[in-house]
file start09.cif (mmCIF, C-alpha atoms)
data_run
loop_
_atom_site.label_atom_id
_atom_site.label_comp_id
_atom_site.auth_asym_id
_atom_site.auth_seq_id
_atom_site.Cartn_x
_atom_site.Cartn_y
_atom_site.Cartn_z
CA MET I 1 19.94 -52.86 180.90
CA TYR I 2 23.74 -52.81 181.07
CA ASN I 3 25.42 -55.82 182.64
CA SER I 4 28.86 -57.38 182.57
CA ASP I 5 27.63 -60.19 180.30
CA MET I 6 26.55 -57.76 177.52
CA ASN I 7 29.11 -57.82 174.70
CA ILE I 8 30.44 -54.59 173.22
CA THR I 9 28.57 -55.10 169.93
CA GLN I 10 25.21 -55.37 171.69
CA GLU I 11 26.02 -52.49 174.00
CA PHE I 12 26.66 -50.03 171.18
CA ASP I 13 24.34 -51.23 168.43
CA THR I 14 21.52 -49.00 167.20
CA ILE I 15 18.67 -48.56 169.67
CA ALA I 16 15.22 -46.98 169.50
CA ALA I 17 12.41 -46.09 171.88
CA ILE I 18 9.44 -43.80 172.34
CA ALA I 19 10.75 -40.73 174.19
CA THR I 20 7.39 -39.20 175.15
CA PRO I 21 4.66 -40.59 177.44
CA LEU I 22 2.17 -42.85 175.70
CA GLY I 23 -1.26 -41.26 175.33
CA THR I 24 -3.30 -38.92 173.22
CA GLY I 25 -1.39 -35.72 172.57
CA GLY I 26 -0.25 -33.23 169.99
CA VAL I 27 3.21 -34.71 169.43
CA GLY I 28 4.94 -38.03 170.02
CA VAL I 29 8.72 -38.49 169.73
CA ILE I 30 10.61 -41.63 168.74
CA ARG I 31 14.37 -41.53 169.25
CA ILE I 32 16.98 -43.62 167.39
CA SER I 33 20.66 -43.67 168.44
CA GLY I 34 23.61 -45.50 166.90
CA ASP I 35 25.63 -45.93 163.73
CA GLU I 36 22.63 -47.16 161.71
CA SER I 37 20.28 -44.33 162.71
CA PHE I 38 20.44 -42.40 159.43
CA HIS I 39 20.34 -45.58 157.33
CA ILE I 40 17.20 -46.83 159.12
CA ALA I 41 15.51 -43.44 158.88
CA GLU I 42 16.21 -43.20 155.15
CA LYS I 43 14.55 -46.59 154.62
CA ILE I 44 11.25 -45.53 156.21
CA PHE I 45 11.13 -41.77 155.48
CA LYS I 46 9.98 -40.11 152.26
CA GLY I 47 10.48 -36.38 152.16
CA GLN I 48 13.17 -33.72 152.39
CA PRO I 49 16.79 -34.99 152.56
CA LEU I 50 18.10 -35.87 156.02
CA ILE I 51 20.84 -33.29 156.55
CA PRO I 52 22.63 -33.24 159.94
CA GLY I 53 21.59 -30.24 162.00
CA HIS I 54 18.49 -29.60 159.89
CA ILE I 55 14.78 -30.37 160.20
CA SER I 56 13.20 -32.50 157.48
CA HIS I 57 9.49 -32.79 156.68
CA GLY I 58 7.80 -35.76 155.05
CA TRP I 59 6.04 -39.07 155.63
CA VAL I 60 6.96 -42.30 157.37
CA GLU I 61 6.02 -45.11 155.01
CA ASP I 62 6.00 -48.90 155.16
CA LYS I 63 6.36 -50.37 151.67
CA GLY I 64 4.44 -47.46 150.16
CA LEU I 65 1.77 -47.36 152.88
CA LYS I 66 1.73 -43.95 154.58
CA ILE I 67 1.96 -44.25 158.39
CA ASP I 68 2.11 -40.60 159.49
CA GLU I 69 3.24 -37.15 158.45
CA VAL I 70 6.32 -36.25 160.50
CA ILE I 71 9.26 -33.94 160.97
CA ILE I 72 12.71 -35.39 161.66
CA LEU I 73 15.55 -33.83 163.67
CA THR I 74 19.02 -35.11 162.78
CA PHE I 75 22.24 -35.08 164.83
CA ARG I 76 25.64 -36.43 163.80
CA ASN I 77 28.09 -37.69 166.40
CA PRO I 78 29.58 -36.33 168.53
CA HIS I 79 27.16 -33.38 168.46
CA SER I 80 24.20 -35.16 170.04
CA PHE I 81 22.79 -36.11 173.44
CA THR I 82 24.31 -39.61 173.37
CA GLY I 83 27.45 -38.69 171.43
CA GLU I 84 26.24 -40.98 168.62
CA ASP I 85 24.23 -40.39 165.46
CA ILE I 86 20.68 -39.59 166.55
CA ILE I 87 17.40 -39.37 164.67
CA GLU I 88 14.34 -37.93 166.44
CA ILE I 89 11.02 -38.44 164.69
CA GLN I 90 8.22 -36.12 165.76
CA CYS I 91 4.84 -37.54 164.81
CA HIS I 92 1.23 -37.11 165.94
CA GLY I 93 0.81 -38.16 169.55
CA GLY I 94 -1.67 -41.04 169.33
CA VAL I 95 -0.69 -44.30 171.04
CA ASN I 96 -0.97 -46.43 167.92
CA VAL I 97 0.80 -43.88 165.71
CA VAL I 98 4.00 -43.84 167.77
CA LYS I 99 3.88 -47.61 168.29
CA ASN I 100 3.51 -48.22 164.55
CA ILE I 101 6.53 -46.04 163.77
CA LEU I 102 8.62 -47.65 166.54
CA ASN I 103 7.76 -51.15 165.30
CA LEU I 104 8.77 -50.11 161.78
CA ILE I 105 12.12 -48.83 163.06
CA LEU I 106 12.73 -52.08 164.96
CA LYS I 107 11.81 -54.09 161.87
CA ASN I 108 14.44 -52.19 159.89
CA GLY I 109 17.42 -52.91 162.08
CA ALA I 110 17.24 -51.20 165.48
CA ARG I 111 16.67 -52.93 168.78
CA MET I 112 14.49 -51.73 171.65
CA ALA I 113 16.39 -49.53 174.09
CA GLU I 114 16.64 -50.59 177.71
CA ARG I 115 15.81 -48.35 180.66
CA GLY I 116 17.97 -45.24 180.68
CA GLU I 117 20.11 -46.51 177.82
CA PHE I 118 20.21 -43.19 175.94
CA THR I 119 21.49 -41.37 179.04
CA LYS I 120 23.85 -44.23 179.83
CA ARG I 121 25.37 -43.91 176.37
CA ALA I 122 25.75 -40.18 176.95
CA PHE I 123 27.74 -41.02 180.09
CA LEU I 124 29.84 -43.74 178.44
CA ASN I 125 30.59 -41.42 175.51
CA LYS I 126 31.65 -38.70 177.99
CA LYS I 127 28.89 -36.29 177.06
CA MET I 128 28.14 -35.96 180.77
CA ASP I 129 29.48 -37.31 184.04
CA LEU I 130 27.54 -39.63 186.32
CA SER I 131 26.23 -36.85 188.58
CA GLN I 132 24.72 -35.15 185.52
CA ALA I 133 23.23 -38.44 184.32
CA GLU I 134 21.56 -38.90 187.71
CA ALA I 135 20.29 -35.31 187.45
CA VAL I 136 18.42 -36.30 184.28
CA ALA I 137 16.40 -38.83 186.30
CA ASP I 138 15.82 -36.30 189.09
CA LEU I 139 14.63 -33.70 186.60
CA ILE I 140 12.23 -36.12 184.92
CA HIS I 141 10.78 -37.38 188.21
CA ALA I 142 10.77 -34.04 190.08
CA LYS I 143 7.55 -33.77 192.08
CA THR I 144 7.75 -30.00 192.51
CA GLN I 145 8.87 -26.96 190.52
CA ASN I 146 11.46 -26.24 193.19
CA PHE I 147 13.16 -29.63 192.92
CA ALA I 148 13.10 -29.45 189.11
CA ILE I 149 15.07 -26.19 189.37
CA GLN I 150 17.46 -27.73 191.91
CA SER I 151 17.98 -30.80 189.68
CA ALA I 152 18.81 -28.55 186.73
CA LYS I 153 21.78 -27.25 188.75
CA ASN I 154 23.36 -30.71 188.69
CA LEU I 155 22.49 -31.21 185.04
CA SER I 156 24.37 -27.99 184.30
CA GLY I 157 27.38 -29.44 186.14
CA MET I 158 27.23 -27.62 189.49
CA LEU I 159 27.94 -30.70 191.64
CA GLN I 160 30.43 -31.97 189.08
CA GLN I 161 32.38 -28.71 189.30
CA LYS I 162 32.36 -28.72 193.10
CA VAL I 163 33.63 -32.30 193.21
CA HIS I 164 36.27 -31.37 190.62
CA ASP I 165 37.40 -28.43 192.79
CA ILE I 166 37.64 -30.58 195.94
CA ARG I 167 39.45 -33.27 193.98
CA GLY I 168 41.95 -30.67 192.75
CA GLN I 169 42.72 -29.57 196.30
CA ILE I 170 43.22 -33.16 197.44
CA PHE I 171 45.34 -33.98 194.41
CA ASN I 172 47.55 -30.94 195.07
CA SER I 173 48.32 -32.17 198.61
CA LEU I 174 48.94 -35.68 197.32
CA SER I 175 51.30 -34.38 194.61
CA LEU I 176 53.44 -32.57 197.17
CA MET I 177 53.85 -35.74 199.20
CA ILE I 178 54.40 -38.04 196.21
CA ALA I 179 57.04 -35.71 194.76
CA ALA I 180 59.00 -35.82 198.03
CA ILE I 181 58.64 -39.60 198.26
CA ASP I 182 59.76 -40.20 194.65
CA PHE I 183 62.53 -37.57 194.60
CA PRO I 184 63.79 -37.32 198.22
CA ASP I 185 67.09 -35.73 197.19
CA ASP I 186 65.48 -32.94 195.20
CA VAL I 187 62.12 -32.25 196.87
CA ASN I 188 61.43 -31.61 200.52
CA GLU I 189 58.39 -33.12 202.24
CA PRO I 190 55.55 -30.64 202.79
CA SER I 191 55.41 -29.58 206.41
CA TYR I 192 52.86 -31.30 208.61
CA ASP I 193 51.42 -27.91 209.53
CA LEU I 194 50.78 -27.28 205.85
CA LEU I 195 49.11 -30.69 205.42
CA ILE I 196 46.96 -30.17 208.52
CA ASP I 197 45.82 -26.78 207.25
CA ASP I 198 45.07 -28.17 203.78
CA PHE I 199 43.17 -31.22 205.09
CA GLU I 200 41.04 -29.10 207.43
CA LYS I 201 40.11 -26.74 204.58
CA ILE I 202 39.20 -29.65 202.30
CA ILE I 203 37.06 -31.30 205.01
CA LYS I 204 35.15 -28.03 205.41
CA GLU I 205 34.44 -28.01 201.67
CA VAL I 206 33.17 -31.59 201.80
CA ASP I 207 31.01 -30.65 204.79
CA ARG I 208 29.47 -27.80 202.74
CA VAL I 209 28.15 -30.33 200.26
CA LEU I 210 27.12 -32.85 202.91
CA LEU I 211 25.15 -30.13 204.69
CA CYS I 212 22.74 -30.31 201.76
CA ALA I 213 22.17 -34.09 201.97
CA LYS I 214 19.15 -33.95 204.30
CA SER I 215 17.39 -31.17 202.40
CA SER I 216 18.15 -32.95 199.11
CA ASP I 217 16.46 -36.09 200.37
CA ILE I 218 13.38 -34.14 201.52
CA LEU I 219 13.18 -32.23 198.22
CA ARG I 220 13.46 -35.49 196.26
CA GLN I 221 11.18 -37.73 198.34
CA GLY I 222 8.80 -35.16 199.82
CA VAL I 223 7.12 -35.34 203.23
CA LYS I 224 3.98 -36.93 204.64
CA VAL I 225 1.46 -34.74 206.46
CA ALA I 226 -1.36 -36.61 208.21
CA ILE I 227 -4.59 -34.96 209.36
CA VAL I 228 -5.66 -36.68 212.60
CA GLY I 229 -8.53 -36.25 215.04
CA ARG I 230 -11.84 -37.69 216.19
CA PRO I 231 -14.85 -37.91 213.82
CA ASN I 232 -16.65 -34.79 212.60
CA VAL I 233 -14.04 -32.22 213.61
CA GLY I 234 -13.51 -31.20 209.95
CA LYS I 235 -10.50 -33.28 208.87
CA SER I 236 -11.87 -34.01 205.40
CA SER I 237 -12.97 -30.40 204.98
CA LEU I 238 -9.45 -29.25 205.84
CA PHE I 239 -8.03 -31.86 203.45
CA ASN I 240 -10.19 -30.48 200.64
CA LYS I 241 -9.35 -26.86 201.45
CA LEU I 242 -5.59 -27.48 201.47
CA LEU I 243 -5.89 -29.23 198.10
CA ASN I 244 -8.33 -26.61 196.83
CA THR I 245 -10.58 -29.37 195.50
CA LYS I 246 -13.41 -31.62 196.71
CA ARG I 247 -11.41 -34.82 197.01
CA ALA I 248 -12.79 -36.29 200.27
CA ILE I 249 -16.48 -36.83 201.04
CA VAL I 250 -17.78 -34.47 203.73
CA THR I 251 -20.97 -35.18 205.73
CA ASP I 252 -22.33 -34.63 209.21
CA ILE I 253 -22.36 -38.39 209.78
CA ALA I 254 -19.58 -39.64 212.07
CA GLY I 255 -17.29 -42.17 210.41
CA THR I 256 -17.81 -41.01 206.80
CA THR I 257 -14.08 -41.42 206.09
CA ARG I 258 -13.28 -45.11 206.54
CA ASP I 259 -10.02 -45.32 204.65
CA VAL I 260 -6.84 -43.33 204.25
CA ILE I 261 -7.02 -40.84 201.34
CA LYS I 262 -3.79 -39.43 199.92
CA GLU I 263 -3.05 -36.60 197.50
CA THR I 264 0.13 -34.70 196.62
CA LEU I 265 0.43 -30.98 197.17
CA ASP I 266 3.27 -28.73 195.92
CA MET I 267 4.56 -26.54 198.75
CA ASP I 268 8.07 -26.20 197.24
CA VAL I 269 8.42 -29.67 198.78
CA ALA I 270 6.11 -32.45 197.59
CA VAL I 271 3.62 -32.93 200.43
CA THR I 272 1.68 -36.18 200.56
CA LEU I 273 -1.45 -35.01 202.38
CA ILE I 274 -3.23 -37.82 204.21
CA ASP I 275 -6.87 -37.65 205.30
CA THR I 276 -7.49 -40.28 207.97
CA ALA I 277 -10.56 -41.88 209.46
CA GLY I 278 -11.76 -40.26 212.68
CA ILE I 279 -10.30 -42.05 215.70
CA ARG I 280 -12.83 -43.16 218.30
CA ASP I 281 -13.65 -46.15 220.52
CA THR I 282 -13.71 -49.20 218.25
CA ASP I 283 -16.52 -50.75 220.34
CA GLU I 284 -18.86 -48.21 218.72
CA VAL I 285 -17.96 -48.88 215.09
CA GLY I 286 -18.27 -51.54 212.40
CA LYS I 287 -15.47 -53.63 210.96
CA ALA I 288 -14.76 -51.29 208.00
CA GLU I 289 -14.43 -48.22 210.21
CA GLU I 290 -12.35 -50.17 212.73
CA LEU I 291 -9.84 -51.01 209.99
CA GLY I 292 -9.86 -47.35 208.91
CA ILE I 293 -9.03 -46.27 212.47
CA GLU I 294 -6.09 -48.68 212.58
CA PHE I 295 -4.84 -47.26 209.27
CA SER I 296 -5.21 -43.77 210.77
CA LYS I 297 -2.99 -44.65 213.72
CA GLN I 298 -0.42 -46.21 211.39
CA SER I 299 -0.45 -43.14 209.11
CA ALA I 300 0.09 -40.89 212.13
CA GLN I 301 3.14 -42.90 213.16
CA GLU I 302 4.63 -42.76 209.65
CA ALA I 303 3.93 -39.06 209.05
CA ASP I 304 6.64 -36.40 209.11
CA LEU I 305 4.13 -33.82 210.37
CA ILE I 306 0.69 -34.26 211.96
CA LEU I 307 -2.17 -31.79 211.89
CA PHE I 308 -4.11 -32.61 215.04
CA VAL I 309 -7.63 -31.24 214.52
CA TYR I 310 -10.36 -30.67 217.09
CA ASP I 311 -13.67 -28.77 217.24
CA SER I 312 -12.99 -25.34 218.74
CA LYS I 313 -16.66 -24.85 219.64
CA LYS I 314 -16.67 -27.98 221.83
CA GLY I 315 -13.12 -27.44 223.04
CA LEU I 316 -10.68 -30.23 223.80
CA THR I 317 -12.76 -33.21 224.91
CA ASP I 318 -11.50 -36.29 226.73
CA GLU I 319 -11.61 -38.15 223.40
CA ASP I 320 -9.43 -35.44 221.82
CA LYS I 321 -6.91 -35.71 224.66
CA VAL I 322 -6.63 -39.48 224.21
CA ILE I 323 -5.84 -38.98 220.50
CA TYR I 324 -3.41 -36.17 221.27
CA ASP I 325 -1.51 -38.46 223.64
CA LEU I 326 -0.94 -40.80 220.69
CA ILE I 327 0.78 -38.13 218.58
CA LYS I 328 2.20 -35.57 221.04
CA ASP I 329 5.76 -36.87 220.69
CA LYS I 330 5.66 -36.49 216.90
CA LYS I 331 6.21 -33.19 215.09
CA HIS I 332 2.71 -31.68 215.01
CA LEU I 333 0.47 -28.63 214.78
CA ILE I 334 -2.68 -28.26 216.86
CA VAL I 335 -5.54 -27.03 214.68
CA ALA I 336 -8.85 -25.82 216.12
CA ASN I 337 -11.50 -25.91 213.38
CA LYS I 338 -14.92 -24.20 213.32
CA CYS I 339 -13.55 -21.05 214.96
CA ASP I 340 -16.33 -19.09 213.22
CA LEU I 341 -18.78 -20.67 215.69
CA THR I 342 -17.05 -19.50 218.88
CA GLU I 343 -14.99 -16.68 220.34
CA LYS I 344 -12.98 -19.07 222.53
CA ARG I 345 -9.19 -18.98 222.06
CA GLU I 346 -7.70 -21.53 224.45
CA ALA I 347 -3.95 -21.36 223.76
CA LYS I 348 -1.31 -19.47 221.80
CA ASN I 349 0.14 -22.61 220.23
CA VAL I 350 -3.20 -23.51 218.60
CA ARG I 351 -3.95 -22.63 214.97
CA TYR I 352 -7.59 -21.43 214.78
CA ILE I 353 -9.24 -21.98 211.40
CA SER I 354 -12.62 -22.24 209.76
CA THR I 355 -12.91 -24.52 206.76
CA LEU I 356 -16.29 -22.90 206.13
CA THR I 357 -15.20 -19.24 205.97
CA GLY I 358 -11.51 -19.79 205.17
CA GLU I 359 -10.34 -17.93 208.28
CA GLY I 360 -6.81 -18.91 209.31
CA LEU I 361 -6.24 -21.27 206.38
CA GLU I 362 -3.55 -19.20 204.65
CA GLU I 363 -1.72 -18.75 207.93
CA LEU I 364 -1.89 -22.52 208.50
CA LYS I 365 -0.49 -23.18 205.02
CA ASP I 366 2.36 -20.76 205.68
CA LYS I 367 3.15 -22.48 208.98
CA ILE I 368 3.18 -25.93 207.34
CA LYS I 369 5.46 -24.63 204.60
CA ASN I 370 7.81 -23.01 207.11
CA ILE I 371 8.14 -26.30 208.99
CA ILE I 372 8.76 -28.57 206.01
CA CYS I 373 10.90 -26.06 204.04
CA ASN I 374 13.01 -24.90 206.94
CA PHE I 375 16.23 -24.86 204.93
CA SER I 376 18.90 -22.21 204.84
CA ALA I 377 20.43 -21.12 201.54
CA GLU I 378 23.55 -23.13 202.43
CA GLU I 379 21.45 -26.29 202.86
CA THR I 380 20.13 -26.10 199.31
CA GLU I 381 23.31 -24.94 197.57
CA PHE I 382 23.96 -28.43 196.21
CA VAL I 383 21.70 -31.40 195.45
CA THR I 384 22.95 -34.88 196.29
CA ASN I 385 21.34 -38.30 196.31
CA GLU I 386 21.95 -41.15 198.73
CA ARG I 387 24.73 -42.67 196.62
CA GLN I 388 26.57 -39.38 196.20
CA ALA I 389 26.24 -38.49 199.89
CA GLY I 390 27.58 -41.95 200.80
CA CYS I 391 30.64 -41.35 198.63
CA LEU I 392 31.21 -37.95 200.24
CA ILE I 393 30.92 -39.44 203.74
CA LYS I 394 33.55 -42.09 202.89
CA CYS I 395 35.75 -39.41 201.33
CA ARG I 396 35.46 -37.36 204.51
CA GLU I 397 36.33 -40.37 206.68
CA SER I 398 39.51 -40.91 204.65
CA LEU I 399 40.42 -37.23 204.96
CA VAL I 400 39.85 -37.27 208.73
CA ARG I 401 42.16 -40.28 209.03
CA ALA I 402 44.79 -38.45 206.99
CA LEU I 403 44.34 -35.34 209.16
CA ASN I 404 44.82 -37.32 212.37
CA GLU I 405 47.89 -39.03 210.91
CA ALA I 406 49.34 -35.64 209.96
CA LYS I 407 48.77 -34.39 213.51
CA ARG I 408 50.67 -37.43 214.79
CA GLU I 409 53.37 -36.78 212.13
CA GLU I 410 53.06 -40.28 210.70
CA LEU I 411 55.09 -41.28 207.64
CA GLN I 412 53.72 -39.42 204.64
CA ASP I 413 53.71 -42.68 202.67
CA LEU I 414 50.95 -43.85 205.02
CA ILE I 415 49.05 -40.56 204.78
CA CYS I 416 49.07 -40.92 200.98
CA ILE I 417 47.09 -44.15 201.25
CA ASP I 418 44.11 -42.39 202.84
CA ILE I 419 44.41 -39.42 200.48
CA LYS I 420 44.28 -41.75 197.47
CA SER I 421 41.23 -43.43 199.02
CA ALA I 422 39.51 -40.04 199.34
CA LEU I 423 40.14 -39.38 195.64
CA LEU I 424 38.63 -42.72 194.65
CA PHE I 425 35.41 -41.99 196.54
CA LEU I 426 35.11 -38.63 194.75
CA ASP I 427 35.70 -40.38 191.43
CA GLU I 428 32.73 -42.64 192.20
CA ILE I 429 30.48 -39.57 192.27
CA THR I 430 31.44 -38.44 188.79
CA GLY I 431 31.80 -41.97 187.41
CA GLU I 432 35.55 -41.93 186.81
CA VAL I 433 35.58 -45.05 188.97
CA ILE I 434 32.40 -47.13 188.84
CA THR I 435 31.31 -50.76 188.96
CA ASP I 436 28.84 -52.53 186.68
CA GLU I 437 26.55 -53.13 189.66
CA ILE I 438 26.33 -49.45 190.58
CA LEU I 439 25.89 -48.44 186.94
CA ASN I 440 23.08 -50.95 186.47
CA ASN I 441 21.33 -49.80 189.61
CA ILE I 442 21.42 -46.14 188.55
CA PHE I 443 20.10 -46.55 185.02
CA ASP I 444 17.56 -49.24 185.89
CA HIS I 445 15.60 -46.49 187.66
CA PHE I 446 15.22 -44.49 184.43
CA CYS I 447 12.30 -44.69 182.05
CA ILE I 448 12.65 -46.40 178.69
CA GLY I 449 13.38 -43.73 176.08
CA LYS I 450 15.47 -41.56 178.44
#
call {"tool": "encode", "arguments": {"input": "start09.cif", "output": "structure tokens"}}
result
Amino acid sequence: MYNSDMNITQEFDTIAAIATPLGTGGVGVIRISGDESFHIAEKIFKGQPLIPGHISHGWVEDKGLKIDEVIILTFRNPHSFTGEDIIEIQCHGGVNVVKNILNLILKNGARMAERGEFTKRAFLNKKMDLSQAEAVADLIHAKTQNFAIQSAKNLSGMLQQKVHDIRGQIFNSLSLMIAAIDFPDDVNEPSYDLLIDDFEKIIKEVDRVLLCAKSSDILRQGVKVAIVGRPNVGKSSLFNKLLNTKRAIVTDIAGTTRDVIKETLDMDVAVTLIDTAGIRDTDEVGKAEELGIEFSKQSAQEADLILFVYDSKKGLTDEDKVIYDLIKDKKHLIVANKCDLTEKREAKNVRYISTLTGEGLEELKDKIKNIICNFSAEETEFVTNERQAGCLIKCRESLVRALNEAKREELQDLICIDIKSALLFLDEITGEVITDEILNNIFDHFCIGK
């Protein structure tokens, strides 16, 4: 990947990589980017002429040996994803087919692309800013349909535009002060009341974006929901019902589940659903189940939400109460299973379900979703990542210092220092100001071929 030791020739030579996941499929795509893209393609392709902006059909050949029948998409700079000449070869999707074509391309003058190098080149060639480049990674790795849609907002430039707007407001205040400092005889200093009003408005705009930081993190990372309770209360049955598949083994024998089982569920947020071993006195169990119980307790501590399950026919036993004491301080729902076997309804805050008949399951799903997706429209207006939120926080801190200085009517030369600092932190978000280390860290998290 990019580093400060990479010379400019290596950084912008012609690169190639497989752009689709390896595996059996209908289509595989190999992407070439750089000045030699067309030249390399012409050496290995026999078919219709390669005309920029057109699709060409023919065969990839190696010294007369036919490798695969393909179509080729051609893009001339700057009208391409990377801003360079690009060739995209669409071939049949077998593993060996795409590898054979890639190896032929490398043999004819390209080098293997590093992680995220295509998107990095798009950023360096000003085809997108850094927030849009990061949105590419979010879009590719989105665990839910909802987050994919949210990520597309940033790819379209929504965060970029908001940062640009805030930057414009800050720059306007700075310009008023700088003009008065540079031309004191011709320009009056802006009043402190004006500066205070401007800074407060700008801080509110920054806060609007920062309000979305927590929801952005949840949407990106997802949440963990652990199903906890003593043996044979129906934890694995509930696990299977929520997933709508038979993932966990269900029997009448206590201690069937001896390990932690995890699956991901899309509830607008990616939910990692965790089926745990039934918790009971370890004096009664073997070594394998004892380890499973310890894992259960650990999973409960790490979970964002716990579904505490007990047998509604038997009611809350002393064993249930001991387990509940372990998790009562965590965010949780109390779930009484097997409600089809009894008319008892012990408390209003208990969710009564039957994994056998399905009673109460949809209501339980809705309650889980309401808890983990409890975001207002304002909290999902923008999508930020940890780096971007950190830059916004530092920008806000600089603005608050400038605001306090304006209230104290400090010299405007001093106020300008903090205002310039706020601008620099915003420029880090879009990549106007960026270090090699940050750039490396961002693109190292991409896939090869992206």
call {"tool": "closest_residue", "arguments": {"input": "start09.cif", "among": "I:Asp68, I:Ala19, I:Phe183, I:Gly360", "to": "Arg115 (chain I)", "atoms": "only C-alpha atoms"}}
result
I:Ala19
call {"tool": "closest_residue", "arguments": {"input": "start09.cif", "among": "I:Asp266, I:Asp185, I:Glu397, I:Glu88", "to": "Ile55 (chain I)", "atoms": "only C-alpha atoms"}}
result
I:Glu88
call {"tool": "resolve_selection", "arguments": {"input": "start09.cif", "expression": "the PyMOL selection byres ((chain I and resi 402) around 10)", "output": "PyMOL selection string"}}
result
chain I and resi 195-196+199+396-401+403-408+410+412+414-419+422
call {"tool": "closest_residue", "arguments": {"input": "start09.cif", "among": "I:Lys153, I:Lys99, I:Lys313, I:His79", "to": "Ala122 (chain I)", "atoms": "all atoms listed in the file"}}
result
I:His79
call {"tool": "resolve_selection", "arguments": {"input": "start09.cif", "expression": "the PyMOL selection byres ((chain I and resi 362) around 12)", "output": "list in words"}}
result
Leu238, Lys241, Leu242, Asn244, Arg351, Tyr352, Ile353, Ser354, Thr355, Thr357, Gly358, Glu359, Gly360, Leu361, Glu363, Leu364, Lys365, Asp366, Lys367, Ile368 and Lys369 of chain I
call {"tool": "resolve_selection", "arguments": {"input": "start09.cif", "expression": "the PyMOL selection byres ((chain I and resi 75) around 12)", "output": "VMD selection string"}}
result
chain I and resid 31 to 35 37 to 38 50 to 56 72 to 74 76 to 89
call {"tool": "residues_around", "arguments": {"input": "start09.cif", "residues": "Leu22 (chain I)", "least_positions_apart": "3", "cutoff": "12 Å", "atoms": "all atoms listed in the file", "output": "number ranges by chain"}}
result
I: 17-19, 25-30, 92-99, 448-449
call {"tool": "closest_atom_pairs", "arguments": {"input": "start09.cif", "of": "region 148-174 of chain I", "to": "region 214-221 of chain I", "cutoff": "12 Å", "atoms": "all atoms listed in the file", "output": "Markdown table"}}
result
| residue | atom | partner | partner_atom | distance |
| --- | --- | --- | --- | --- |
| I:Ala148 | CA | I:Arg220 | CA | 9.4 |
| I:Ile149 | CA | I:Leu219 | CA | 10.9 |
| I:Gln150 | CA | I:Leu219 | CA | 8.9 |
| I:Ser151 | CA | I:Arg220 | CA | 9.3 |
| I:Asn154 | CA | I:Ser216 | CA | 11.9 |
call {"tool": "write_last_selection", "arguments": {"input": "start09.cif", "atoms": "C-alpha atoms", "output": "tab-separated table (two decimals), in the frame of the given file"}}
result
chain	number	residue	atom	x	y	z
I	148	ALA	CA	13.10	-29.45	189.11
I	149	ILE	CA	15.07	-26.19	189.37
I	150	GLN	CA	17.46	-27.73	191.91
I	151	SER	CA	17.98	-30.80	189.68
I	154	ASN	CA	23.36	-30.71	188.69
call {"tool": "atom_distance", "arguments": {"input": "start09.cif", "atom1": "CA of Val335 (chain I)", "atom2": "CA of Lys143 (chain I)"}}
result
27.0 Å
call {"tool": "closest_residue", "arguments": {"input": "start09.cif", "among": "I:Val60, I:Ala300, I:Leu130, I:Leu426", "to": "Phe171 (chain I)", "atoms": "only C-alpha atoms"}}
result
I:Leu426
call {"tool": "atom_distance", "arguments": {"input": "start09.cif", "atom1": "CA of Ile227 (chain I)", "atom2": "CA of Leu356 (chain I)"}}
result
17.1 Å
call {"tool": "atom_distance", "arguments": {"input": "start09.cif", "atom1": "CA of Leu210 (chain I)", "atom2": "CA of Asp436 (chain I)"}}
result
25.6 Å
call {"tool": "closest_residue", "arguments": {"input": "start09.cif", "among": "I:Leu124, I:Lys394, I:Glu432, I:Ala270", "to": "His141 (chain I)", "atoms": "all atoms listed in the file"}}
result
I:Ala270
call {"tool": "closest_residue", "arguments": {"input": "start09.cif", "among": "I:Thr317, I:Ser376, I:Asn188, I:Ser173", "to": "Glu200 (chain I)", "atoms": "only C-alpha atoms"}}
result
I:Ser173
call {"tool": "residues_around", "arguments": {"input": "start09.cif", "residues": "Lys224 (chain I)", "least_positions_apart": "3", "cutoff": "6 Å", "atoms": "all atoms listed in the file", "output": "list of chain:residue names"}}
result
I:Val271, I:Thr272, I:Ala303, I:Asp304
